[in-house]
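S.K.: Structure in structure tokens, see below.
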Amino acid sequence: MSLVEGMNEKITIKEIAALAQVSIGTVDRVLHNRGRVSKETKEKVEKIAKDYDYKSNVNARKLKLNKAFEIAVLLPEADSYWQKHREGISKALSEFDFLNILFFEFKLNDSTTASMNLALDKALDSSPDGMIIAPIFFDSNELLLRRIKDAEVPVILIDSKIEGWDGQLSYIGQDAFQSGVTAAHLIDHGASNNYHVAVINFDQADEVKKTLQSRIAGFESYFSSMVVKPEIRKINIERDNRTISGLLSELSLIEDVRIYVPSSRIYLLNEAIEGKEFTRIVGCDLISQNFEMLRDNKIDFIINQLPFNQGYKAIRTLYKKLIMNREVEEYQFMPIEIVSKFNLDYCSL
């Protein structure tokens with residue numbers, strides 16, 4: 001009987017060593033990223049571990065470490081979108097019961113940073129071993145970024161990047177600029193030369209949200225090389241003192257109008273859009289309200305950035321760093337998933 005045939009259900013380090021024809025110590029160094037191992041040996045051991053679904057003895061490592069790790073999570077107050085991050089985090093926690101999570105919330109539409117500073121104060125007072133942060137407005141606040149970096153703990157950024165900042169262990173989310181480019185392609189596909197585009201945001205605070213800015217920049221860049229460009233009108237409901245119903249009534253009078261909402265809140269158009277005809281409507285994030293609008297043929301496409309997966313991967317990444325002492329990728333870009341009514345049933349909320 002061969003070694004493989006005689007294996008237990010779960011492969012051990014000893015069995016990996018036998019298959020790779022190396023010592024147990026070499027396998028341990030590869031799997032736990034300790035010491036020097038040749039590239040060829042490293043690749044061989046990692047392939048065997050992957051092929052046989054090796055999993056380390058987490059409970060033994062927990063006993064050895066003799067501690068629970070405290071993770072501080074800074075997120076905006078829960079809505080349909082941000083709740084998905086919490087659900088992803090909770091799912092990952094069910095696999096790692098030695099990670100303790102403390103949630104600290106800040107107001108999504110408070111760009112003054114007062115609520116963020118308060119949330120950060122509480123998070124840092126908890127002396128966390130790691131942090132997960134959605135830095136919605138953080139990029140414009142150097143003091144706040146310095147405080148996070150000075151904490152000297154691994155920081156995972158989700159949803160939003162901070163350009164030029166080196167304080168994070170890893171970023172998990174979409175490339176917002178490229179998401180905007182993709183949205184523009186969906187808007188433009190099959191269009192004539194004479195169409196109009198309305199880019200709609202809802203709150204004053206949307207004007208300083210880095211992710212939304214990056215999406216709109218990507219959106220506009222798509223058209224930059226065109227000889228004949230569509231007319232793009234950027235509208236902010238609160239800033240421009242508009243109502244949603246009044247705006248959509250006005251836009252519906254224009255021939256061939258296409259709408260792009262670069263946030264998850266395209267559902268705010270739901271009631272006002274009833275009975276009006278627009279050539280194409282593109283939004284972001286497959287939350288339940290937007291799911292129903294797709295099913296009801298009120299919008300054409302959603303660019304989904306998988307918030308549940310962001311939360312789940314953030315915990316997995318901290319586990320890899322804190323528990324396994326392994327290197328992690330600095331940028332973990334989520335797929336730019338395009339959802340329409342035709343593939344809706346195959347996409348998860």
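Naming works like this for the structure tokens: A, B, ... for the chains as they're shown, residue 1 at the start of each chain, ligands 1 onward in shown order.
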Considering only C-alpha atoms, tabulate each residue of range 173-273 of chain A that lies at most 12 Å from range 326-331 of chain A along with its nearest interatomic pair and the corresponding distance in Å to one decimal; arrange the rows by chain and ascending residue number and present them as JSON lines.

M.R.:
{"residue": "A:Gly173", "atom": "CA", "partner": "A:Tyr331", "partner_atom": "CA", "distance": 8.4}
{"residue": "A:Gln174", "atom": "CA", "partner": "A:Tyr331", "partner_atom": "CA", "distance": 9.6}
{"residue": "A:Asp175", "atom": "CA", "partner": "A:Tyr331", "partner_atom": "CA", "distance": 9.7}

S.K.: Would you save the residues of that selection, restricted to C-alpha atoms, as an mmCIF file, in the first residue's frame?

M.R.:
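After the write, again-v2.cif holds the following:
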data_model
loop_
_atom_site.group_PDB
_atom_site.id
_atom_site.type_symbol
_atom_site.label_atom_id
_atom_site.label_comp_id
_atom_site.auth_asym_id
_atom_site.auth_seq_id
_atom_site.Cartn_x
_atom_site.Cartn_y
_atom_site.Cartn_z
ATOM 1 C CA GLY A 173 -11.857 45.720 -2.135
ATOM 2 C CA GLN A 174 -12.388 46.677 -5.746
ATOM 3 C CA ASP A 175 -10.257 48.912 -7.891
#

S.K.: Which neighbours of range 266-283 of chain A fall inside 9 Å, counting only C-alpha atoms, when residues of the same chain fewer than 3 positions from it are skipped, and could you give them as a PyMOL selection string?

M.R.: chain A and resi 183-184+186-187+200-202+244-246+248-249+251-252+255-263+289-290+292-293+298-304

S.K.: Go through range 155-216 of chain A and collect every residue that DSSP, computed from the backbone, puts in strand (DSSP E); the answer should be as a PDB file with N, CA and C atoms, in the first residue's frame.

M.R.:
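The new file out24.pdb reads:
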ATOM      1  N   VAL A 155      -3.106  46.446  10.036  1.00  0.00           N
ATOM      2  CA  VAL A 155      -4.342  47.137   9.649  1.00  0.00           C
ATOM      3  C   VAL A 155      -4.801  46.631   8.283  1.00  0.00           C
ATOM      4  N   ILE A 156      -6.046  46.183   8.222  1.00  0.00           N
ATOM      5  CA  ILE A 156      -6.664  45.790   6.962  1.00  0.00           C
ATOM      6  C   ILE A 156      -7.645  46.876   6.561  1.00  0.00           C
ATOM      7  N   LEU A 157      -7.477  47.435   5.377  1.00  0.00           N
ATOM      8  CA  LEU A 157      -8.436  48.399   4.838  1.00  0.00           C
ATOM      9  C   LEU A 157      -9.416  47.651   3.945  1.00  0.00           C
ATOM     10  N   ILE A 158     -10.701  47.929   4.105  1.00  0.00           N
ATOM     11  CA  ILE A 158     -11.710  47.330   3.235  1.00  0.00           C
ATOM     12  C   ILE A 158     -12.528  48.425   2.565  1.00  0.00           C
ATOM     13  N   SER A 170      -2.841  45.268   4.379  1.00  0.00           N
ATOM     14  CA  SER A 170      -3.454  44.833   3.124  1.00  0.00           C
ATOM     15  C   SER A 170      -4.717  45.645   2.862  1.00  0.00           C
ATOM     16  N   TYR A 171      -5.038  45.820   1.569  1.00  0.00           N
ATOM     17  CA  TYR A 171      -6.307  46.423   1.151  1.00  0.00           C
ATOM     18  C   TYR A 171      -7.146  45.340   0.489  1.00  0.00           C
ATOM     19  N   ILE A 172      -8.417  45.258   0.887  1.00  0.00           N
ATOM     20  CA  ILE A 172      -9.337  44.280   0.315  1.00  0.00           C
ATOM     21  C   ILE A 172     -10.552  45.031  -0.220  1.00  0.00           C
ATOM     22  N   GLY A 173     -10.728  45.032  -1.515  1.00  0.00           N
ATOM     23  CA  GLY A 173     -11.857  45.720  -2.135  1.00  0.00           C
ATOM     24  C   GLY A 173     -11.628  45.820  -3.626  1.00  0.00           C
ATOM     25  N   HIS A 196     -27.192  61.410 -23.466  1.00  0.00           N
ATOM     26  CA  HIS A 196     -26.888  62.164 -22.250  1.00  0.00           C
ATOM     27  C   HIS A 196     -26.707  61.178 -21.097  1.00  0.00           C
ATOM     28  N   VAL A 197     -25.817  61.554 -20.164  1.00  0.00           N
ATOM     29  CA  VAL A 197     -25.561  60.729 -18.987  1.00  0.00           C
ATOM     30  C   VAL A 197     -25.766  61.575 -17.729  1.00  0.00           C
ATOM     31  N   ALA A 198     -26.523  61.030 -16.791  1.00  0.00           N
ATOM     32  CA  ALA A 198     -26.678  61.654 -15.476  1.00  0.00           C
ATOM     33  C   ALA A 198     -25.966  60.782 -14.448  1.00  0.00           C
ATOM     34  N   VAL A 199     -24.966  61.362 -13.783  1.00  0.00           N
ATOM     35  CA  VAL A 199     -24.269  60.681 -12.691  1.00  0.00           C
ATOM     36  C   VAL A 199     -24.858  61.242 -11.394  1.00  0.00           C
ATOM     37  N   ILE A 200     -25.521  60.377 -10.615  1.00  0.00           N
ATOM     38  CA  ILE A 200     -26.324  60.851  -9.489  1.00  0.00           C
ATOM     39  C   ILE A 200     -25.742  60.387  -8.156  1.00  0.00           C
ATOM     40  N   ASN A 201     -25.469  61.349  -7.274  1.00  0.00           N
ATOM     41  CA  ASN A 201     -25.186  61.093  -5.871  1.00  0.00           C
ATOM     42  C   ASN A 201     -26.283  61.756  -5.037  1.00  0.00           C
TER      43      ASN A 201
END

S.K.: Would you list the contacts of Ala134 in chain A as a ChimeraX atom specification, taking every protein, DNA or RNA residue within 12 Å and counting only C-alpha atoms, but skipping same-chain residues closer than 5 positions in sequence?

M.R.: /A:72-77,82,85-86,103-108,116,119-120,139,155-162,168,171-173,209-211,307,310-311,314

S.K.: Those same residues, written as a PDB file, in the first residue's frame with C-alpha atoms?

M.R.:
ATOM      1  CA  ALA A  72     -11.009  46.280  16.388  1.00  0.00           C
ATOM      2  CA  VAL A  73     -13.360  46.837  13.448  1.00  0.00           C
ATOM      3  CA  LEU A  74     -14.213  50.409  12.397  1.00  0.00           C
ATOM      4  CA  LEU A  75     -17.194  50.541  10.061  1.00  0.00           C
ATOM      5  CA  PRO A  76     -19.925  53.050   9.214  1.00  0.00           C
ATOM      6  CA  GLU A  77     -23.243  52.551  10.970  1.00  0.00           C
ATOM      7  CA  TRP A  82     -22.289  47.658   5.482  1.00  0.00           C
ATOM      8  CA  HIS A  85     -19.308  43.249   5.806  1.00  0.00           C
ATOM      9  CA  ARG A  86     -20.432  42.393   9.338  1.00  0.00           C
ATOM     10  CA  PHE A 103     -17.085  46.811  16.527  1.00  0.00           C
ATOM     11  CA  PHE A 104     -16.774  50.596  16.552  1.00  0.00           C
ATOM     12  CA  GLU A 105     -19.160  52.599  14.368  1.00  0.00           C
ATOM     13  CA  PHE A 106     -18.994  56.070  12.847  1.00  0.00           C
ATOM     14  CA  LYS A 107     -21.575  58.075  10.945  1.00  0.00           C
ATOM     15  CA  LEU A 108     -21.524  57.445   7.209  1.00  0.00           C
ATOM     16  CA  MET A 116     -14.582  58.786  13.160  1.00  0.00           C
ATOM     17  CA  ALA A 119     -14.711  55.624  17.094  1.00  0.00           C
ATOM     18  CA  LEU A 120     -10.933  55.521  16.670  1.00  0.00           C
ATOM     19  CA  ASP A 139      -7.556  59.843   3.465  1.00  0.00           C
ATOM     20  CA  VAL A 155      -4.342  47.137   9.649  1.00  0.00           C
ATOM     21  CA  ILE A 156      -6.664  45.790   6.962  1.00  0.00           C
ATOM     22  CA  LEU A 157      -8.436  48.399   4.838  1.00  0.00           C
ATOM     23  CA  ILE A 158     -11.710  47.330   3.235  1.00  0.00           C
ATOM     24  CA  ASP A 159     -13.903  48.983   0.599  1.00  0.00           C
ATOM     25  CA  SER A 160     -11.713  52.090   0.177  1.00  0.00           C
ATOM     26  CA  LYS A 161      -8.010  52.512  -0.568  1.00  0.00           C
ATOM     27  CA  ILE A 162      -5.894  55.345   0.802  1.00  0.00           C
ATOM     28  CA  GLN A 168      -1.930  49.140   5.993  1.00  0.00           C
ATOM     29  CA  TYR A 171      -6.307  46.423   1.151  1.00  0.00           C
ATOM     30  CA  ILE A 172      -9.337  44.280   0.315  1.00  0.00           C
ATOM     31  CA  GLY A 173     -11.857  45.720  -2.135  1.00  0.00           C
ATOM     32  CA  LYS A 209     -15.978  59.946  -0.347  1.00  0.00           C
ATOM     33  CA  LYS A 210     -12.809  58.737  -2.010  1.00  0.00           C
ATOM     34  CA  THR A 211     -14.331  55.584  -3.470  1.00  0.00           C
ATOM     35  CA  PRO A 307     -18.966  43.197   0.662  1.00  0.00           C
ATOM     36  CA  GLN A 310     -14.461  41.621   1.911  1.00  0.00           C
ATOM     37  CA  GLY A 311     -15.352  41.102   5.571  1.00  0.00           C
ATOM     38  CA  ALA A 314     -10.248  40.594   6.188  1.00  0.00           C
TER      39      ALA A 314
END

S.K.: Might you pull out every residue within 12 Å of Ile13 in chain A, with only C-alpha atoms counted and same-chain residues fewer than 3 positions away left off, and present them as a PyMOL selection string?

M.R.: chain A and resi 7-8+10+16-32+45-46+48-49+52-57

S.K.: May I have the residues from that selection written out with N, CA and C atoms, as a PDB file, in the first residue's frame?

M.R.:
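Resulting contents of result07.pdb:
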ATOM      1  N   MET A   7      -2.966   7.194   4.010  1.00  0.00           N
ATOM      2  CA  MET A   7      -3.093   8.433   4.775  1.00  0.00           C
ATOM      3  C   MET A   7      -4.398   8.488   5.556  1.00  0.00           C
ATOM      4  N   ASN A   8      -4.345   9.204   6.649  1.00  0.00           N
ATOM      5  CA  ASN A   8      -5.575   9.545   7.344  1.00  0.00           C
ATOM      6  C   ASN A   8      -6.363  10.519   6.497  1.00  0.00           C
ATOM      7  N   LYS A  10      -7.004  13.550   7.124  1.00  0.00           N
ATOM      8  CA  LYS A  10      -6.292  14.825   7.076  1.00  0.00           C
ATOM      9  C   LYS A  10      -4.796  14.561   7.006  1.00  0.00           C
ATOM     10  N   ILE A  16       3.407  14.970   4.541  1.00  0.00           N
ATOM     11  CA  ILE A  16       3.862  15.914   3.514  1.00  0.00           C
ATOM     12  C   ILE A  16       5.368  15.778   3.315  1.00  0.00           C
ATOM     13  N   ALA A  17       6.112  15.656   4.420  1.00  0.00           N
ATOM     14  CA  ALA A  17       7.563  15.519   4.342  1.00  0.00           C
ATOM     15  C   ALA A  17       7.956  14.273   3.555  1.00  0.00           C
ATOM     16  N   ALA A  18       7.234  13.155   3.799  1.00  0.00           N
ATOM     17  CA  ALA A  18       7.543  11.923   3.081  1.00  0.00           C
ATOM     18  C   ALA A  18       7.277  12.058   1.586  1.00  0.00           C
ATOM     19  N   LEU A  19       6.160  12.672   1.243  1.00  0.00           N
ATOM     20  CA  LEU A  19       5.830  12.871  -0.175  1.00  0.00           C
ATOM     21  C   LEU A  19       6.824  13.797  -0.865  1.00  0.00           C
ATOM     22  N   ALA A  20       7.255  14.829  -0.159  1.00  0.00           N
ATOM     23  CA  ALA A  20       8.178  15.804  -0.748  1.00  0.00           C
ATOM     24  C   ALA A  20       9.640  15.360  -0.640  1.00  0.00           C
ATOM     25  N   GLN A  21       9.856  14.298   0.141  1.00  0.00           N
ATOM     26  CA  GLN A  21      11.211  13.768   0.353  1.00  0.00           C
ATOM     27  C   GLN A  21      12.130  14.831   0.980  1.00  0.00           C
ATOM     28  N   VAL A  22      11.579  15.488   2.006  1.00  0.00           N
ATOM     29  CA  VAL A  22      12.337  16.468   2.775  1.00  0.00           C
ATOM     30  C   VAL A  22      12.082  16.188   4.247  1.00  0.00           C
ATOM     31  N   SER A  23      12.773  16.898   5.117  1.00  0.00           N
ATOM     32  CA  SER A  23      12.596  16.700   6.547  1.00  0.00           C
ATOM     33  C   SER A  23      11.315  17.368   7.045  1.00  0.00           C
ATOM     34  N   ILE A  24      10.860  16.896   8.228  1.00  0.00           N
ATOM     35  CA  ILE A  24       9.689  17.509   8.856  1.00  0.00           C
ATOM     36  C   ILE A  24       9.967  18.982   9.165  1.00  0.00           C
ATOM     37  N   GLY A  25      11.192  19.276   9.584  1.00  0.00           N
ATOM     38  CA  GLY A  25      11.566  20.656   9.880  1.00  0.00           C
ATOM     39  C   GLY A  25      11.452  21.558   8.674  1.00  0.00           C
ATOM     40  N   THR A  26      11.821  21.025   7.488  1.00  0.00           N
ATOM     41  CA  THR A  26      11.716  21.814   6.256  1.00  0.00           C
ATOM     42  C   THR A  26      10.258  22.126   5.947  1.00  0.00           C
ATOM     43  N   VAL A  27       9.386  21.120   6.108  1.00  0.00           N
ATOM     44  CA  VAL A  27       7.956  21.337   5.863  1.00  0.00           C
ATOM     45  C   VAL A  27       7.417  22.399   6.819  1.00  0.00           C
ATOM     46  N   ASP A  28       7.808  22.319   8.094  1.00  0.00           N
ATOM     47  CA  ASP A  28       7.357  23.292   9.084  1.00  0.00           C
ATOM     48  C   ASP A  28       7.805  24.701   8.701  1.00  0.00           C
ATOM     49  N   ARG A  29       9.035  24.839   8.221  1.00  0.00           N
ATOM     50  CA  ARG A  29       9.529  26.168   7.821  1.00  0.00           C
ATOM     51  C   ARG A  29       8.738  26.720   6.648  1.00  0.00           C
ATOM     52  N   VAL A  30       8.375  25.859   5.691  1.00  0.00           N
ATOM     53  CA  VAL A  30       7.606  26.318   4.525  1.00  0.00           C
ATOM     54  C   VAL A  30       6.194  26.729   4.947  1.00  0.00           C
ATOM     55  N   LEU A  31       5.530  25.866   5.691  1.00  0.00           N
ATOM     56  CA  LEU A  31       4.119  26.117   6.034  1.00  0.00           C
ATOM     57  C   LEU A  31       3.947  27.288   6.986  1.00  0.00           C
ATOM     58  N   HIS A  32       4.963  27.555   7.800  1.00  0.00           N
ATOM     59  CA  HIS A  32       4.859  28.634   8.782  1.00  0.00           C
ATOM     60  C   HIS A  32       5.798  29.791   8.485  1.00  0.00           C
ATOM     61  N   VAL A  45       6.495  21.606  -1.551  1.00  0.00           N
ATOM     62  CA  VAL A  45       5.762  21.412  -0.298  1.00  0.00           C
ATOM     63  C   VAL A  45       4.396  22.101  -0.345  1.00  0.00           C
ATOM     64  N   GLU A  46       4.361  23.334  -0.839  1.00  0.00           N
ATOM     65  CA  GLU A  46       3.096  24.071  -0.906  1.00  0.00           C
ATOM     66  C   GLU A  46       2.098  23.389  -1.826  1.00  0.00           C
ATOM     67  N   ILE A  48       1.900  20.102  -2.494  1.00  0.00           N
ATOM     68  CA  ILE A  48       1.393  18.909  -1.815  1.00  0.00           C
ATOM     69  C   ILE A  48       0.379  19.304  -0.743  1.00  0.00           C
ATOM     70  N   ALA A  49       0.711  20.328   0.033  1.00  0.00           N
ATOM     71  CA  ALA A  49      -0.203  20.789   1.079  1.00  0.00           C
ATOM     72  C   ALA A  49      -1.543  21.227   0.492  1.00  0.00           C
ATOM     73  N   TYR A  52      -3.601  18.136  -1.002  1.00  0.00           N
ATOM     74  CA  TYR A  52      -4.199  17.267   0.016  1.00  0.00           C
ATOM     75  C   TYR A  52      -4.918  18.054   1.111  1.00  0.00           C
ATOM     76  N   ASP A  53      -5.160  19.319   0.822  1.00  0.00           N
ATOM     77  CA  ASP A  53      -5.981  20.168   1.696  1.00  0.00           C
ATOM     78  C   ASP A  53      -5.465  20.161   3.135  1.00  0.00           C
ATOM     79  N   TYR A  54      -4.153  20.406   3.269  1.00  0.00           N
ATOM     80  CA  TYR A  54      -3.556  20.447   4.606  1.00  0.00           C
ATOM     81  C   TYR A  54      -4.099  21.620   5.404  1.00  0.00           C
ATOM     82  N   LYS A  55      -4.434  21.375   6.648  1.00  0.00           N
ATOM     83  CA  LYS A  55      -4.833  22.448   7.565  1.00  0.00           C
ATOM     84  C   LYS A  55      -4.036  22.284   8.846  1.00  0.00           C
ATOM     85  N   SER A  56      -3.461  23.379   9.319  1.00  0.00           N
ATOM     86  CA  SER A  56      -2.669  23.301  10.553  1.00  0.00           C
ATOM     87  C   SER A  56      -3.564  22.999  11.743  1.00  0.00           C
ATOM     88  N   ASN A  57      -2.986  22.481  12.777  1.00  0.00           N
ATOM     89  CA  ASN A  57      -3.710  22.204  14.004  1.00  0.00           C
ATOM     90  C   ASN A  57      -3.916  23.510  14.764  1.00  0.00           C
TER      91      ASN A  57
END

S.K.: Run DSSP on the backbone and grab whatever in range 117-273 of chain A lands in helix (DSSP H, G or I); send it over as a VMD selection string.

M.R.: chain A and resid 117 to 125 138 to 140 142 to 150 176 to 188 204 to 208 210 to 223 244 to 251 265 to 269

S.K.: Any idea what's packed within 10 Å of Leu145 in chain A, counting only C-alpha atoms, ignoring anything in its chain fewer than 6 positions away? Could you give it as a VMD selection string?

M.R.: chain A and resid 135 138 to 139 162 165 to 167

S.K.: Quick one: distance from CA of Leu102 in chain A to CA of Gln332 in chain A in Å, one decimal?

M.R.: 23.4 Å

S.K.: Give me, please, the distance in Å between CA of Asn325 in chain A and CA of Leu93 in chain A, quoted to one decimal.

M.R.: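 Going from CA of Asn325 in chain A over to CA of Leu93 in chain A covers 18.3 Å.
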
S.K.: Between CA of Ser192 in chain A and CA of Asn343 in chain A, what is the distance in Å, rounded to a tenth?

M.R.: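 Atom-to-atom, CA of Ser192 in chain A to CA of Asn343 in chain A, that is 26.4 Å.
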